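Undergrad: First the structure, then my questions, so here it is.
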Amino acid sequence: MMAGMTTIVRTISRLLFPFMFLFGVYVLIHGHLTPGGGFQGGVIIAAAFVMLWLAYGLEQSPIGFELFRTEILEAIGGLTLATVGLVGFAMGVGKFFGHVLPLGTLGNLLSGGDLPLLNIGVGIEVATSLVLVFYAMLRKVAWDEK
Amino acid sequence: MRRVVPFIVVLVVGTILLFTVVNSLPPFGSFPQRRLGAFENQSIGQIILENAPRQTGSANVVTSVVWDYRGYDTMGEATVLFTAVCGVLMLFLATRRQE
């Protein structure tokens with residue numbers, strides 16, 4: 001399994017990857033307008049990376065992957081949530097997760113106060129989390145096969 | 001025979017439960033009323049549906065509930081996910097360093 005799959009699967013997954021990534025980002029960004037949100041968009045983004053790994057194998061994947069950077073990115077995603085909450089506590093109406101940014105007009109992309117920021121933060125965290133989990137498991141399988 | 005009797009029992013009990021549930025369902029589109037507290041006779045779901053777009057500025061009511069009314073809870077969920085990933089990484093990647 002670690003050697004990857006046939007050329008057909010590789011080509012299709014390579015062509016499909018940017019569209020899956022873009023769709024995940026769309027679901028994530030529009031979390032406060034359409035069904036979806038940070039969790040769902042993050043899972044779609046992570047599924048794109050996992051699809052490439054399954055098609056190509058861990059070693060020959062066309063996407064560069066660094067464990068340390070991904071861990072840092074996951075921590076940044078988690079810190080975003082706490083930071084937005086604390087900023088709302090300090091500057092907003094004195095409530096944890098109180099809105100700091102203006103609410104805007106209903107239905108615009110830039111509306112909803114702090115909700116888009118929270119969606120982006122949790123999207124980054126979920127995407128990197130699932131990528132890290134799959135990387136760790138695939139790496140363990142590769143080590144055991146050697 | 002030993003298979004037929006339990007099957008009949010399951011069928012009868014399942015039919016009774018199904019009819020009970022279907023008969024006691026509220027009509028489509030209505031929320032169950034609260035029975036406790038100060039908001040008796042008011043539905044919390046209806047209140048959230050009416051007030052969420054104005055209070056949070058989010059067109060998606062699910063997002064406004066998850067991130068605004070229950071933002072603290074959702075941040076706890078994200079923390080649980082973070083901790084679980086830390087544990088998985090430790091379990092799967094720590095064996096290499098021992099070798």
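Going through the structure tokens in order, the chains are called A, B, and so on, while each chain numbers its residues from 1 and the ligands are numbered from 1 in the order shown.
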Counting only C-alpha atoms, what are the residues of chain A within 6 Å of chain B, and for each of them which pair of atoms is the nearest and at what distance in Å, to one decimal? Sort the table by chain and rising number, as a Markdown table.
TA:
| residue | atom | partner | partner_atom | distance |
| --- | --- | --- | --- | --- |
| A:His32 | CA | B:Asn60 | CA | 5.1 |
| A:Leu33 | CA | B:Ala59 | CA | 4.9 |
| A:Thr34 | CA | B:Asn60 | CA | 5.9 |
| A:Leu103 | CA | B:Gly57 | CA | 5.1 |
| A:Leu106 | CA | B:Gly57 | CA | 5.6 |
| A:Gly107 | CA | B:Ala59 | CA | 5.7 |
| A:Gly112 | CA | B:Gly57 | CA | 4.1 |
| A:Ala136 | CA | B:Phe92 | CA | 5.8 |
Undergrad: Using the selection just defined, write its residues with C-alpha atoms as a PDB file, in the first residue's frame.
TA:
ATOM      1  CA  HIS A  32     -21.391  32.011   8.685  1.00  0.00           C
ATOM      2  CA  LEU A  33     -23.486  32.239   5.511  1.00  0.00           C
ATOM      3  CA  THR A  34     -24.042  28.752   4.140  1.00  0.00           C
ATOM      4  CA  LEU A 103     -21.756  42.816  12.852  1.00  0.00           C
ATOM      5  CA  LEU A 106     -26.699  40.224   7.130  1.00  0.00           C
ATOM      6  CA  GLY A 107     -25.583  37.973   4.300  1.00  0.00           C
ATOM      7  CA  GLY A 112     -21.022  38.315  11.618  1.00  0.00           C
ATOM      8  CA  ALA A 136       1.547   9.584  12.035  1.00  0.00           C
TER       9      ALA A 136
END
Undergrad: Might you pull out every residue within 10 Å of Phe19 in chain A, with only C-alpha atoms counted and same-chain residues fewer than 6 positions away left off, and present them as JSON, numbers by chain?
TA: {"A": [25, 45, 48]}
Undergrad: Ile124 in chain A: which residues within 8 Å, counting only C-alpha atoms, same-chain residues fewer than 4 positions away excluded, as a list in words?
TA: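 Contacts, with the query itself left out: Gly38, Gly42, Leu73, Glu74, Gly77, Ile120 and Thr128 of chain A.
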Undergrad: Mind writing the picked residues with C-alpha atoms as a CSV table (one decimal), in the first residue's frame?
TA:
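Wrote it out as part.csv, contents follow:
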chain,number,residue,atom,x,y,z
A,38,GLY,CA,-14.7,25.5,10.3
A,42,GLY,CA,-11.1,21.6,7.7
A,73,LEU,CA,0.2,25.6,12.3
A,74,GLU,CA,-2.1,23.5,14.5
A,77,GLY,CA,-5.1,27.6,14.9
A,120,ILE,CA,-10.9,30.2,10.1
A,128,THR,CA,-3.8,20.2,10.4
Undergrad: Could you give me, as a PyMOL selection string, each residue of chain A that DSSP assigns to helix (DSSP H, G or I) when run on this structure's backbone?
TA: chain A and resi 7-29+38-56+67-91+115-145
Undergrad: Just to be explicit: take each residue in the selection above, keep C-alpha atoms, and write the result as a CSV table (one decimal), in the first residue's frame.
TA:
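File written: again-v4.csv
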chain,number,residue,atom,x,y,z
A,7,THR,CA,-1.1,5.9,-12.8
A,8,ILE,CA,-4.8,6.5,-13.3
A,9,VAL,CA,-5.5,7.0,-9.6
A,10,ARG,CA,-2.4,9.2,-9.3
A,11,THR,CA,-3.4,11.4,-12.2
A,12,ILE,CA,-7.0,11.8,-11.1
A,13,SER,CA,-6.1,12.6,-7.5
A,14,ARG,CA,-3.4,15.1,-8.6
A,15,LEU,CA,-5.9,16.9,-10.8
A,16,LEU,CA,-8.6,16.7,-8.2
A,17,PHE,CA,-6.5,18.0,-5.3
A,18,PRO,CA,-6.7,21.8,-6.0
A,19,PHE,CA,-10.5,21.7,-6.5
A,20,MET,CA,-10.9,19.8,-3.2
A,21,PHE,CA,-8.7,22.2,-1.4
A,22,LEU,CA,-10.6,25.2,-2.9
A,23,PHE,CA,-13.9,23.7,-2.0
A,24,GLY,CA,-12.7,23.2,1.6
A,25,VAL,CA,-11.6,26.8,1.8
A,26,TYR,CA,-14.9,27.9,0.4
A,27,VAL,CA,-16.9,25.9,3.0
A,28,LEU,CA,-14.6,27.4,5.7
A,29,ILE,CA,-14.8,31.0,4.6
A,38,GLY,CA,-14.7,25.5,10.3
A,39,PHE,CA,-14.9,21.9,11.2
A,40,GLN,CA,-16.4,20.7,7.9
A,41,GLY,CA,-14.1,22.8,5.7
A,42,GLY,CA,-11.1,21.6,7.7
A,43,VAL,CA,-12.1,18.0,7.2
A,44,ILE,CA,-12.4,18.5,3.4
A,45,ILE,CA,-9.0,20.2,3.2
A,46,ALA,CA,-7.5,17.3,5.2
A,47,ALA,CA,-9.2,14.8,3.0
A,48,ALA,CA,-7.5,16.3,0.0
A,49,PHE,CA,-4.1,15.7,1.5
A,50,VAL,CA,-4.9,12.2,2.7
A,51,MET,CA,-6.2,11.4,-0.9
A,52,LEU,CA,-2.8,12.4,-2.3
A,53,TRP,CA,-0.9,10.3,0.3
A,54,LEU,CA,-3.1,7.3,-0.4
A,55,ALA,CA,-2.6,7.6,-4.2
A,56,TYR,CA,1.2,8.3,-4.2
A,67,LEU,CA,6.0,17.7,10.6
A,68,PHE,CA,7.3,20.6,12.7
A,69,ARG,CA,5.7,23.3,10.6
A,70,THR,CA,2.3,21.5,10.6
A,71,GLU,CA,2.4,21.2,14.4
A,72,ILE,CA,3.2,24.9,14.6
A,73,LEU,CA,0.2,25.6,12.3
A,74,GLU,CA,-2.1,23.5,14.5
A,75,ALA,CA,-1.0,25.4,17.6
A,76,ILE,CA,-1.6,28.7,15.8
A,77,GLY,CA,-5.1,27.6,14.9
A,78,GLY,CA,-5.9,26.6,18.5
A,79,LEU,CA,-4.4,29.9,19.8
A,80,THR,CA,-6.6,31.9,17.4
A,81,LEU,CA,-9.7,30.7,19.2
A,82,ALA,CA,-8.4,31.6,22.6
A,83,THR,CA,-7.1,34.9,21.4
A,84,VAL,CA,-10.4,35.9,19.9
A,85,GLY,CA,-12.2,34.9,23.0
A,86,LEU,CA,-9.8,36.8,25.3
A,87,VAL,CA,-9.8,39.9,23.0
A,88,GLY,CA,-13.6,39.9,23.3
A,89,PHE,CA,-13.3,39.6,27.0
A,90,ALA,CA,-10.9,42.5,27.2
A,91,MET,CA,-12.2,45.0,24.6
A,115,LEU,CA,-17.5,34.5,13.7
A,116,PRO,CA,-15.4,34.3,10.5
A,117,LEU,CA,-12.2,34.6,12.5
A,118,LEU,CA,-13.3,31.8,14.7
A,119,ASN,CA,-14.3,29.6,11.7
A,120,ILE,CA,-10.9,30.2,10.1
A,121,GLY,CA,-9.1,29.4,13.3
A,122,VAL,CA,-10.9,26.1,13.9
A,123,GLY,CA,-10.6,25.3,10.2
A,124,ILE,CA,-6.8,25.5,10.3
A,125,GLU,CA,-6.7,23.5,13.5
A,126,VAL,CA,-9.0,20.7,12.3
A,127,ALA,CA,-7.3,20.4,8.9
A,128,THR,CA,-3.8,20.2,10.4
A,129,SER,CA,-5.0,17.9,13.1
A,130,LEU,CA,-6.4,15.3,10.8
A,131,VAL,CA,-3.4,15.6,8.4
A,132,LEU,CA,-1.1,15.0,11.4
A,133,VAL,CA,-3.1,12.0,12.6
A,134,PHE,CA,-3.0,10.4,9.2
A,135,TYR,CA,0.7,11.2,8.7
A,136,ALA,CA,1.5,9.6,12.0
A,137,MET,CA,-0.4,6.4,11.2
A,138,LEU,CA,1.0,6.1,7.7
A,139,ARG,CA,4.5,6.8,8.9
A,140,LYS,CA,4.2,4.1,11.5
A,141,VAL,CA,3.0,1.6,8.8
A,142,ALA,CA,6.0,2.6,6.7
A,143,TRP,CA,8.4,2.0,9.5
A,144,ASP,CA,6.9,-1.4,10.4
A,145,GLU,CA,7.1,-2.6,6.8
